[in-house]
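The block underneath contains the structure these notes are about, expressed in structure tokens.
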Amino acid sequence: MVDEGQNTDYTQFLDPVGTKRVGVVYVDFPDTAGAGDVSDYYNLLSPAADWMWNASYGRTWLDMRSVLNRWVRMPAGSGSYGFANLTYEQHTRYVTDALRAAANAGAGLAGYDTFYIVSTAHSQVSRSAAWFWNPSRPIVVNGTTIRSTVTFGTDMWHWGFKVADHETTHLFGGPDLYAFTGDQFQYTGGWDLMGHISGRGPEYFAWEGWKFGWIGDDQVVCVFQSGTQNTAALNGVEYGGGPKLLVVRTGQTSAYVAEARRKAFNDDTACSTGVLIYKVDTAVASGQGPIRVVRNPSAAPPQAGCGALDMATWQPGQTFYDPATRVEFRVQSADAYNSTVNAIKW
Ligand SMILES: [Zn+2]
């Protein structure tokens, strides 16, 4: 299961750090011939590599290579795979059919860390999704064990390349941060593209950067015990180096986190800047709010295109306090790159 825990099982998931060799396969169907040149699809998705390079502070590179520079014909119609309400079995059948078809068409599948299977436009593959192997029932195609893939549907033309970053993050073990029921953006607004692919502040939460091995333990400042405190000059998550998270533990699986956000690089369209405070619970499932941004009642009113959570950053002089967990964050000062925050566990 994908979650916000810091001990990801990399026999199940893809280790994010390093160069990931991504084999790209383009599929069409007996009922939907390939529309246009496959290079148009590659060109739509490939900026995901630079985006993730920046998000990972240069620790992850998606080396995307087309396994064949043409359409591979699937054995069944695009509607037969059930993408409207996809089950794991249906998804497994789709992945297996696509990679077998590619192998039969002459593609070599050895040497890739993962695959992107890209559907032609106008197919009934309506949405993009991540697929992971079941180690007890592996799929083997021409001697290659398939451990993970992202299958791209027609929604890629709506989302653009960031859908590749979002779905690849699932391969790394990252959960969905948007809500599966109710207001989709109730937990994290437009922060982190696992919460909203087209959000205004799509950079990952620092907690996730830590989970993925992009932020080191030496960049995490913690408060564990009641009656203790700690202070950190938090460097904006958009920049490399420096302390990135101030974590106050609140239980076996939960913590409050403060991080700094700046309108720069992957966040150049952010609605607000300052300190973002959120609650993490590693026991909460994908789509149920494993990360929940704290609202700031003193925040500036939302500008057009921004919601309350997008504006919920905290400014110097402002204090957050949660009486239930006796956690307090005080923002002491800020400059262009850093916000200094004091955390107390009363
Ligand atoms: Zn997702």
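Letters A, B, ... go to the chains of the structure tokens in the order shown; residues in each chain start at 1; ligands are counted from 1 in the same order.
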Throw together the list of residues within 9 Å of ligand 1, counting only C-alpha atoms and all ligand atoms, and drop it here as a compact mmCIF listing (two decimals) with N, CA, C and O atoms, in the first residue's frame.
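For reference, result31.txt as written:
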# COMPACT_ATOMS: atom_id res chain seq x y z
N SER A 128 -5.19 8.01 -16.48
CA SER A 128 -3.84 7.51 -16.22
C SER A 128 -3.80 6.87 -14.84
O SER A 128 -4.50 7.30 -13.93
N ALA A 129 -2.97 5.83 -14.71
CA ALA A 129 -2.93 5.10 -13.45
C ALA A 129 -1.59 4.40 -13.30
O ALA A 129 -0.96 4.02 -14.29
N ALA A 130 -1.18 4.22 -12.06
CA ALA A 130 0.05 3.50 -11.76
C ALA A 130 -0.29 2.03 -11.50
O ALA A 130 -1.33 1.72 -10.92
N VAL A 163 1.17 14.91 -15.09
CA VAL A 163 0.52 13.63 -14.78
C VAL A 163 1.57 12.52 -14.72
O VAL A 163 1.42 11.56 -13.95
N HIS A 166 3.12 12.84 -11.30
CA HIS A 166 2.16 12.35 -10.29
C HIS A 166 2.14 10.81 -10.27
O HIS A 166 2.31 10.20 -9.21
N GLU A 167 1.94 10.21 -11.42
CA GLU A 167 1.80 8.75 -11.45
C GLU A 167 3.13 8.06 -11.11
O GLU A 167 3.13 7.01 -10.45
N THR A 169 5.26 9.13 -9.05
CA THR A 169 5.37 9.24 -7.60
C THR A 169 4.64 8.09 -6.90
O THR A 169 5.06 7.62 -5.84
N HIS A 170 3.55 7.61 -7.50
CA HIS A 170 2.91 6.41 -6.95
C HIS A 170 3.87 5.21 -7.04
O HIS A 170 3.92 4.38 -6.13
N GLY A 174 4.32 6.79 -3.10
CA GLY A 174 3.60 7.98 -2.61
C GLY A 174 2.10 7.84 -2.79
O GLY A 174 1.64 7.37 -3.84
N PRO A 175 1.32 8.26 -1.79
CA PRO A 175 -0.14 8.17 -1.88
C PRO A 175 -0.76 9.39 -2.55
O PRO A 175 -0.12 10.43 -2.72
N ASP A 176 -2.05 9.26 -2.91
CA ASP A 176 -2.83 10.41 -3.36
C ASP A 176 -3.15 11.28 -2.16
O ASP A 176 -3.59 10.79 -1.11
N LEU A 177 -2.98 12.59 -2.33
CA LEU A 177 -3.27 13.52 -1.25
C LEU A 177 -4.60 14.24 -1.46
O LEU A 177 -5.11 14.89 -0.54
N TYR A 178 -5.18 14.11 -2.67
CA TYR A 178 -6.54 14.65 -2.85
C TYR A 178 -7.52 13.67 -2.21
O TYR A 178 -7.17 12.53 -1.90
N LEU A 193 1.72 18.12 -6.10
CA LEU A 193 0.96 17.57 -7.23
C LEU A 193 0.34 16.21 -6.95
O LEU A 193 -0.43 15.71 -7.76
N MET A 194 0.63 15.61 -5.77
CA MET A 194 -0.13 14.42 -5.39
C MET A 194 -1.51 14.82 -4.85
O MET A 194 -2.40 13.99 -4.74
N GLY A 195 -1.65 16.10 -4.52
CA GLY A 195 -2.95 16.63 -4.09
C GLY A 195 -3.73 17.26 -5.22
O GLY A 195 -4.96 17.25 -5.22
N ILE A 197 -2.79 17.91 -9.49
CA ILE A 197 -1.79 17.93 -10.56
C ILE A 197 -1.64 19.35 -11.14
O ILE A 197 -0.54 19.77 -11.48
N SER A 286 -4.18 6.37 1.32
CA SER A 286 -4.23 7.19 0.11
C SER A 286 -5.66 7.67 -0.13
O SER A 286 -6.61 6.89 -0.04
N GLY A 287 -5.80 8.98 -0.40
CA GLY A 287 -7.13 9.52 -0.71
C GLY A 287 -7.98 9.82 0.51
O GLY A 287 -9.09 10.34 0.39
Please tabulate, as a tab-separated table, the residues of stretch 135-189 of chain A that come within 9 Å of stretch 306-323 of chain A, each with its closest pair of atoms and the distance in Å to one decimal, counting only C-alpha atoms and ordering rows by chain, then residue number upward.
residue	atom	partner	partner_atom	distance
A:Phe185	CA	A:Leu309	CA	8.7
A:Gln186	CA	A:Leu309	CA	8.1
A:Tyr187	CA	A:Leu309	CA	8.2
A:Thr188	CA	A:Leu309	CA	6.6
A:Gly189	CA	A:Leu309	CA	5.1
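The residue that comes closest to A:Gln229, out of A:Ser254, A:Thr87, A:Thr120, A:Asn342 and on the basis of only C-alpha atoms, is A:Asn342.
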Between atom CA of A:Ile277 and atom CA of A:Asp192, distance in Å (one decimal): 13.3 Å
All strand (DSSP E) positions in stretch 52-171 of chain A, as a count of residues only: 35
Excluding same-chain residues fewer than 2 positions from stretch 265-268 of chain A, what lies within 12 Å of it counting only C-alpha atoms, as a ChimeraX atom specification? /A:48,50-57,162,190-193,198-205,236-240,260-263,270-273,310
Same residues, N, CA, C and O atoms, saved as a short mmCIF file (atom, residue, chain, number, x, y, z; two decimals), in the first residue's frame:
data_model
loop_
_atom_site.label_atom_id
_atom_site.label_comp_id
_atom_site.auth_asym_id
_atom_site.auth_seq_id
_atom_site.Cartn_x
_atom_site.Cartn_y
_atom_site.Cartn_z
N ALA A 48 8.37 16.07 -17.84
CA ALA A 48 8.26 15.52 -16.47
C ALA A 48 9.64 15.25 -15.88
O ALA A 48 9.83 15.34 -14.66
N ASP A 50 12.59 16.95 -16.27
CA ASP A 50 13.20 18.16 -15.70
C ASP A 50 12.47 18.59 -14.43
O ASP A 50 13.08 19.07 -13.47
N TRP A 51 11.15 18.45 -14.46
CA TRP A 51 10.36 18.87 -13.30
C TRP A 51 10.76 18.05 -12.07
O TRP A 51 11.00 18.58 -10.99
N MET A 52 10.87 16.73 -12.27
CA MET A 52 11.25 15.87 -11.13
C MET A 52 12.71 16.06 -10.73
O MET A 52 13.05 15.96 -9.56
N TRP A 53 13.55 16.35 -11.71
CA TRP A 53 14.96 16.66 -11.41
C TRP A 53 15.04 17.83 -10.43
O TRP A 53 15.76 17.79 -9.44
N ASN A 54 14.24 18.87 -10.70
CA ASN A 54 14.22 20.02 -9.79
C ASN A 54 13.62 19.65 -8.45
O ASN A 54 14.16 20.01 -7.40
N ALA A 55 12.51 18.91 -8.46
CA ALA A 55 11.83 18.54 -7.21
C ALA A 55 12.71 17.66 -6.33
O ALA A 55 12.59 17.69 -5.11
N SER A 56 13.57 16.88 -6.97
CA SER A 56 14.42 15.93 -6.23
C SER A 56 15.79 16.51 -5.92
O SER A 56 16.66 15.79 -5.43
N TYR A 57 15.99 17.81 -6.21
CA TYR A 57 17.29 18.46 -6.00
C TYR A 57 18.38 17.70 -6.76
O TYR A 57 19.50 17.51 -6.27
N LYS A 162 2.74 16.93 -16.04
CA LYS A 162 2.79 16.68 -14.59
C LYS A 162 2.03 15.42 -14.19
O LYS A 162 2.24 14.88 -13.10
N GLY A 190 -4.10 23.35 -3.32
CA GLY A 190 -3.29 23.23 -4.53
C GLY A 190 -1.82 22.97 -4.27
O GLY A 190 -0.99 23.18 -5.14
N TRP A 191 -1.49 22.54 -3.03
CA TRP A 191 -0.09 22.21 -2.70
C TRP A 191 0.19 20.76 -3.06
O TRP A 191 -0.62 19.89 -2.80
N ASP A 192 1.36 20.51 -3.61
CA ASP A 192 1.85 19.15 -3.90
C ASP A 192 1.05 18.50 -5.02
O ASP A 192 -0.17 18.32 -4.90
N LEU A 193 1.72 18.12 -6.10
CA LEU A 193 0.96 17.57 -7.23
C LEU A 193 0.34 16.21 -6.95
O LEU A 193 -0.43 15.71 -7.76
N SER A 198 -2.76 20.07 -11.20
CA SER A 198 -2.72 21.43 -11.75
C SER A 198 -2.78 22.48 -10.66
O SER A 198 -3.18 23.62 -10.91
N GLY A 199 -2.38 22.12 -9.44
CA GLY A 199 -2.42 23.08 -8.34
C GLY A 199 -1.41 24.20 -8.52
O GLY A 199 -0.47 24.10 -9.31
N ARG A 200 -1.58 25.25 -7.72
CA ARG A 200 -0.74 26.44 -7.88
C ARG A 200 0.63 26.28 -7.20
O ARG A 200 1.57 26.98 -7.54
N GLY A 201 0.72 25.36 -6.25
CA GLY A 201 2.00 25.11 -5.56
C GLY A 201 2.33 23.63 -5.63
O GLY A 201 2.29 22.93 -4.63
N PRO A 202 2.71 23.12 -6.82
CA PRO A 202 2.79 21.67 -7.03
C PRO A 202 4.02 20.99 -6.44
O PRO A 202 4.10 19.76 -6.45
N GLU A 203 4.99 21.75 -5.95
CA GLU A 203 6.17 21.12 -5.35
C GLU A 203 5.74 20.17 -4.23
O GLU A 203 4.78 20.42 -3.52
N TYR A 204 6.46 19.06 -4.09
CA TYR A 204 6.13 18.08 -3.05
C TYR A 204 6.29 18.69 -1.66
O TYR A 204 7.18 19.52 -1.44
N PHE A 205 5.48 18.21 -0.74
CA PHE A 205 5.73 18.54 0.67
C PHE A 205 7.10 17.99 1.04
O PHE A 205 7.52 16.91 0.58
N GLY A 236 13.32 27.34 1.83
CA GLY A 236 12.20 27.02 0.95
C GLY A 236 12.39 25.67 0.27
O GLY A 236 13.48 25.36 -0.19
N VAL A 237 11.33 24.87 0.22
CA VAL A 237 11.45 23.52 -0.35
C VAL A 237 11.82 23.57 -1.84
O VAL A 237 12.29 22.58 -2.39
N GLU A 238 11.63 24.71 -2.46
CA GLU A 238 11.94 24.84 -3.89
C GLU A 238 13.44 24.92 -4.14
O GLU A 238 13.89 24.74 -5.28
N TYR A 239 14.21 25.21 -3.09
CA TYR A 239 15.66 25.38 -3.23
C TYR A 239 16.40 24.17 -2.67
O TYR A 239 15.89 23.47 -1.80
N GLY A 240 17.62 23.94 -3.16
CA GLY A 240 18.43 22.85 -2.62
C GLY A 240 19.11 23.26 -1.32
O GLY A 240 19.37 24.44 -1.10
N ALA A 260 8.96 25.73 4.67
CA ALA A 260 8.90 27.05 4.03
C ALA A 260 8.60 26.89 2.55
O ALA A 260 9.12 26.00 1.89
N ARG A 261 7.74 27.78 2.05
CA ARG A 261 7.40 27.79 0.62
C ARG A 261 7.74 29.15 0.02
O ARG A 261 7.49 30.19 0.65
N ARG A 262 8.31 29.13 -1.16
CA ARG A 262 8.63 30.36 -1.87
C ARG A 262 8.12 30.25 -3.30
O ARG A 262 8.01 29.16 -3.86
N LYS A 263 7.84 31.42 -3.88
CA LYS A 263 7.32 31.48 -5.24
C LYS A 263 8.51 31.38 -6.19
O LYS A 263 9.04 32.39 -6.65
N ALA A 270 2.73 29.81 -7.13
CA ALA A 270 2.11 29.66 -5.80
C ALA A 270 1.24 30.86 -5.45
O ALA A 270 1.55 32.00 -5.80
N CYS A 271 0.14 30.60 -4.75
CA CYS A 271 -0.79 31.66 -4.35
C CYS A 271 -0.26 32.46 -3.17
O CYS A 271 -0.62 33.62 -3.00
N SER A 272 0.54 31.82 -2.32
CA SER A 272 1.07 32.52 -1.16
C SER A 272 2.44 31.94 -0.81
O SER A 272 2.77 30.83 -1.25
N THR A 273 3.21 32.67 -0.03
CA THR A 273 4.51 32.18 0.44
C THR A 273 4.57 32.34 1.94
O THR A 273 3.78 33.08 2.53
N ASP A 310 -4.69 27.35 -0.18
CA ASP A 310 -3.57 27.89 -0.97
C ASP A 310 -2.99 29.14 -0.32
O ASP A 310 -1.84 29.52 -0.57
#
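Minimum atom-to-atom distance to A:Gln225, evaluated using only C-alpha atoms, belongs to A:Thr325 out of A:Thr151, A:Ser126, A:Thr325, A:Thr168.
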Counting only C-alpha atoms, which residues of stretch 69-126 of chain A fall within 12 Å of stretch 7-18 of chain A, and what is the closest atom pair for each with its distance in Å at one decimal, ordered by chain and rising number, as JSON lines?
{"residue": "A:Tyr112", "atom": "CA", "partner": "A:Leu14", "partner_atom": "CA", "distance": 11.6}
{"residue": "A:Asp113", "atom": "CA", "partner": "A:Leu14", "partner_atom": "CA", "distance": 7.8}
{"residue": "A:Thr114", "atom": "CA", "partner": "A:Leu14", "partner_atom": "CA", "distance": 8.2}
{"residue": "A:Phe115", "atom": "CA", "partner": "A:Leu14", "partner_atom": "CA", "distance": 11.5}
Write down as an MDAnalysis selection string the residues of stretch 82-207 of chain A whose backbone DSSP state falls under helix (DSSP H, G or I). chainID A and resid 83:85 88:104 156:159 162:171 206:207
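Considering only C-alpha atoms, the residue among A:Gln124, A:Ser333, A:Thr144, A:Ser339 positioned nearest to A:Leu234 is A:Ser339.
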Atom CA of A:Asn142 and atom CA of A:Ala33, how far apart in Å?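 Distance between the two atoms: 25.6 Å.
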Leaving out A:Ala103 and any residue of its chain fewer than 2 positions from it, which residues lie within 10 Å of it when counting only C-alpha atoms, given as a PDB file with N, CA, C and O atoms, in the first residue's frame?
ATOM      1  N   VAL A  67      10.632   2.469 -26.552  1.00  0.00           N
ATOM      2  CA  VAL A  67      11.133   1.130 -26.875  1.00  0.00           C
ATOM      3  C   VAL A  67      10.950   0.835 -28.362  1.00  0.00           C
ATOM      4  O   VAL A  67      11.707   0.054 -28.934  1.00  0.00           O
ATOM      5  N   LEU A  68       9.936   1.450 -28.974  1.00  0.00           N
ATOM      6  CA  LEU A  68       9.739   1.414 -30.423  1.00  0.00           C
ATOM      7  C   LEU A  68       9.176   2.775 -30.804  1.00  0.00           C
ATOM      8  O   LEU A  68       8.333   3.304 -30.086  1.00  0.00           O
ATOM      9  N   VAL A  72       2.048   0.280 -31.207  1.00  0.00           N
ATOM     10  CA  VAL A  72       1.973  -1.168 -31.032  1.00  0.00           C
ATOM     11  C   VAL A  72       0.491  -1.514 -30.885  1.00  0.00           C
ATOM     12  O   VAL A  72      -0.207  -0.903 -30.062  1.00  0.00           O
ATOM     13  N   ASP A  97      -0.907  -7.261 -21.827  1.00  0.00           N
ATOM     14  CA  ASP A  97      -1.182  -7.213 -23.271  1.00  0.00           C
ATOM     15  C   ASP A  97      -0.253  -6.226 -23.963  1.00  0.00           C
ATOM     16  O   ASP A  97       0.279  -6.504 -25.041  1.00  0.00           O
ATOM     17  N   ALA A  98      -0.063  -5.066 -23.356  1.00  0.00           N
ATOM     18  CA  ALA A  98       0.742  -4.011 -23.999  1.00  0.00           C
ATOM     19  C   ALA A  98       2.200  -4.436 -24.113  1.00  0.00           C
ATOM     20  O   ALA A  98       2.824  -4.275 -25.180  1.00  0.00           O
ATOM     21  N   LEU A  99       2.752  -4.979 -23.046  1.00  0.00           N
ATOM     22  CA  LEU A  99       4.180  -5.311 -23.079  1.00  0.00           C
ATOM     23  C   LEU A  99       4.437  -6.563 -23.924  1.00  0.00           C
ATOM     24  O   LEU A  99       5.460  -6.655 -24.604  1.00  0.00           O
ATOM     25  N   ARG A 100       3.475  -7.505 -23.936  1.00  0.00           N
ATOM     26  CA  ARG A 100       3.611  -8.654 -24.848  1.00  0.00           C
ATOM     27  C   ARG A 100       3.548  -8.189 -26.293  1.00  0.00           C
ATOM     28  O   ARG A 100       4.316  -8.661 -27.144  1.00  0.00           O
ATOM     29  N   ALA A 101       2.616  -7.273 -26.577  1.00  0.00           N
ATOM     30  CA  ALA A 101       2.490  -6.765 -27.954  1.00  0.00           C
ATOM     31  C   ALA A 101       3.773  -6.046 -28.371  1.00  0.00           C
ATOM     32  O   ALA A 101       4.241  -6.190 -29.509  1.00  0.00           O
ATOM     33  N   ALA A 105       6.380  -7.175 -31.269  1.00  0.00           N
ATOM     34  CA  ALA A 105       6.712  -6.250 -32.361  1.00  0.00           C
ATOM     35  C   ALA A 105       8.216  -5.986 -32.450  1.00  0.00           C
ATOM     36  O   ALA A 105       8.664  -5.176 -33.263  1.00  0.00           O
ATOM     37  N   GLY A 106       8.973  -6.644 -31.564  1.00  0.00           N
ATOM     38  CA  GLY A 106      10.431  -6.543 -31.673  1.00  0.00           C
ATOM     39  C   GLY A 106      11.104  -5.684 -30.639  1.00  0.00           C
ATOM     40  O   GLY A 106      12.323  -5.479 -30.694  1.00  0.00           O
ATOM     41  N   ALA A 107      10.344  -5.158 -29.667  1.00  0.00           N
ATOM     42  CA  ALA A 107      10.952  -4.301 -28.642  1.00  0.00           C
ATOM     43  C   ALA A 107      11.713  -5.146 -27.627  1.00  0.00           C
ATOM     44  O   ALA A 107      11.222  -6.188 -27.193  1.00  0.00           O
ATOM     45  N   GLY A 108      12.885  -4.688 -27.234  1.00  0.00           N
ATOM     46  CA  GLY A 108      13.614  -5.298 -26.123  1.00  0.00           C
ATOM     47  C   GLY A 108      13.159  -4.651 -24.835  1.00  0.00           C
ATOM     48  O   GLY A 108      13.111  -3.424 -24.742  1.00  0.00           O
ATOM     49  N   LEU A 109      12.793  -5.462 -23.849  1.00  0.00           N
ATOM     50  CA  LEU A 109      12.265  -4.909 -22.596  1.00  0.00           C
ATOM     51  C   LEU A 109      13.275  -4.991 -21.453  1.00  0.00           C
ATOM     52  O   LEU A 109      13.020  -4.465 -20.368  1.00  0.00           O
ATOM     53  N   VAL A 141       7.640 -11.107 -19.263  1.00  0.00           N
ATOM     54  CA  VAL A 141       7.493 -10.988 -20.720  1.00  0.00           C
ATOM     55  C   VAL A 141       8.872 -11.151 -21.338  1.00  0.00           C
ATOM     56  O   VAL A 141       9.782 -10.360 -21.055  1.00  0.00           O
ATOM     57  N   ASN A 142       9.017 -12.183 -22.148  1.00  0.00           N
ATOM     58  CA  ASN A 142      10.319 -12.467 -22.787  1.00  0.00           C
ATOM     59  C   ASN A 142      11.472 -12.454 -21.786  1.00  0.00           C
ATOM     60  O   ASN A 142      12.522 -11.874 -22.045  1.00  0.00           O
TER      61      ASN A 142
END
From the set A:Phe212, A:Tyr337, A:Trp346, A:Tyr41, which residue has the shortest atom-to-atom contact distance to A:Thr60, counting only C-alpha atoms?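 Going through A:Phe212, A:Tyr337, A:Trp346, A:Tyr41 one by one, the smallest distance to A:Thr60 is for A:Phe212.
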Mind giving me the straight-line distance from atom CA of A:Asp37 to atom CA of A:Ile146 in Å, one decimal? 26.3 Å
Which residue out of A:Thr154, A:Ser298, A:Thr253, A:Thr145 has the minimum interatomic distance to A:Glu4 when only C-alpha atoms are used?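 Checking each of A:Thr154, A:Ser298, A:Thr253, A:Thr145 against A:Glu4, counting only C-alpha atoms, the winner is A:Thr253.
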Would you pick out the contacts of A:Gly216 at 10 Å or less, using only C-alpha atoms, so that residues sharing its chain but fewer than 4 positions from it are not included, and give the list as JSON, numbers by chain? {"A": [209, 210, 211, 212, 220, 241, 242, 243, 244]}
Excluding A:Ser119 and residues on its chain fewer than 2 positions from it, collect all residues at most 9 Å away from it, counting only C-alpha atoms, and give them as a list of chain:residue names.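 Everything that qualifies: A:Val25, A:Tyr26, A:Val27, A:Asp28, A:Phe29, A:Gly34, A:Ser78, A:Ile117, A:Ala121, A:His122, A:Ser123, A:Gln124, A:Val125, A:Thr151, A:Phe152, A:Gly153, A:Thr154.
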Export, as a PDB file, in the first residue's frame, the selected residues with C-alpha atoms.
ATOM      1  CA  VAL A  25       5.447   2.049 -25.257  1.00  0.00           C
ATOM      2  CA  TYR A  26       2.728   3.578 -27.458  1.00  0.00           C
ATOM      3  CA  VAL A  27      -0.387   1.452 -27.913  1.00  0.00           C
ATOM      4  CA  ASP A  28      -3.378   1.593 -30.213  1.00  0.00           C
ATOM      5  CA  PHE A  29      -6.330  -0.744 -30.573  1.00  0.00           C
ATOM      6  CA  GLY A  34      -3.007   5.419 -33.423  1.00  0.00           C
ATOM      7  CA  SER A  78      -9.788  -0.100 -25.747  1.00  0.00           C
ATOM      8  CA  ILE A 117       2.386   2.651 -21.600  1.00  0.00           C
ATOM      9  CA  ALA A 121      -5.882   9.721 -28.158  1.00  0.00           C
ATOM     10  CA  HIS A 122      -9.605   8.956 -28.710  1.00  0.00           C
ATOM     11  CA  SER A 123      -9.343   5.565 -27.002  1.00  0.00           C
ATOM     12  CA  GLN A 124     -11.485   4.523 -24.051  1.00  0.00           C
ATOM     13  CA  VAL A 125      -8.402   4.476 -21.835  1.00  0.00           C
ATOM     14  CA  THR A 151      -0.447   3.609 -18.047  1.00  0.00           C
ATOM     15  CA  PHE A 152      -1.340   6.955 -19.608  1.00  0.00           C
ATOM     16  CA  GLY A 153      -4.896   7.625 -20.744  1.00  0.00           C
ATOM     17  CA  THR A 154      -6.518  10.404 -22.707  1.00  0.00           C
TER      18      THR A 154
END
Quick one: residues within 12 Å of A:Val248, only C-alpha atoms counted, chain neighbours fewer than 3 positions away excluded, as a ChimeraX atom specification? /A:220-231,245,251-259,277-280,322,325-329,342-346
Pick out the closest residue to A:Arg21 from this set: A:Tyr116, A:His91, A:Thr96, A:Ala35. Count only C-alpha atoms.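 Among the listed residues, the smallest separation from A:Arg21 belongs to A:Tyr116.
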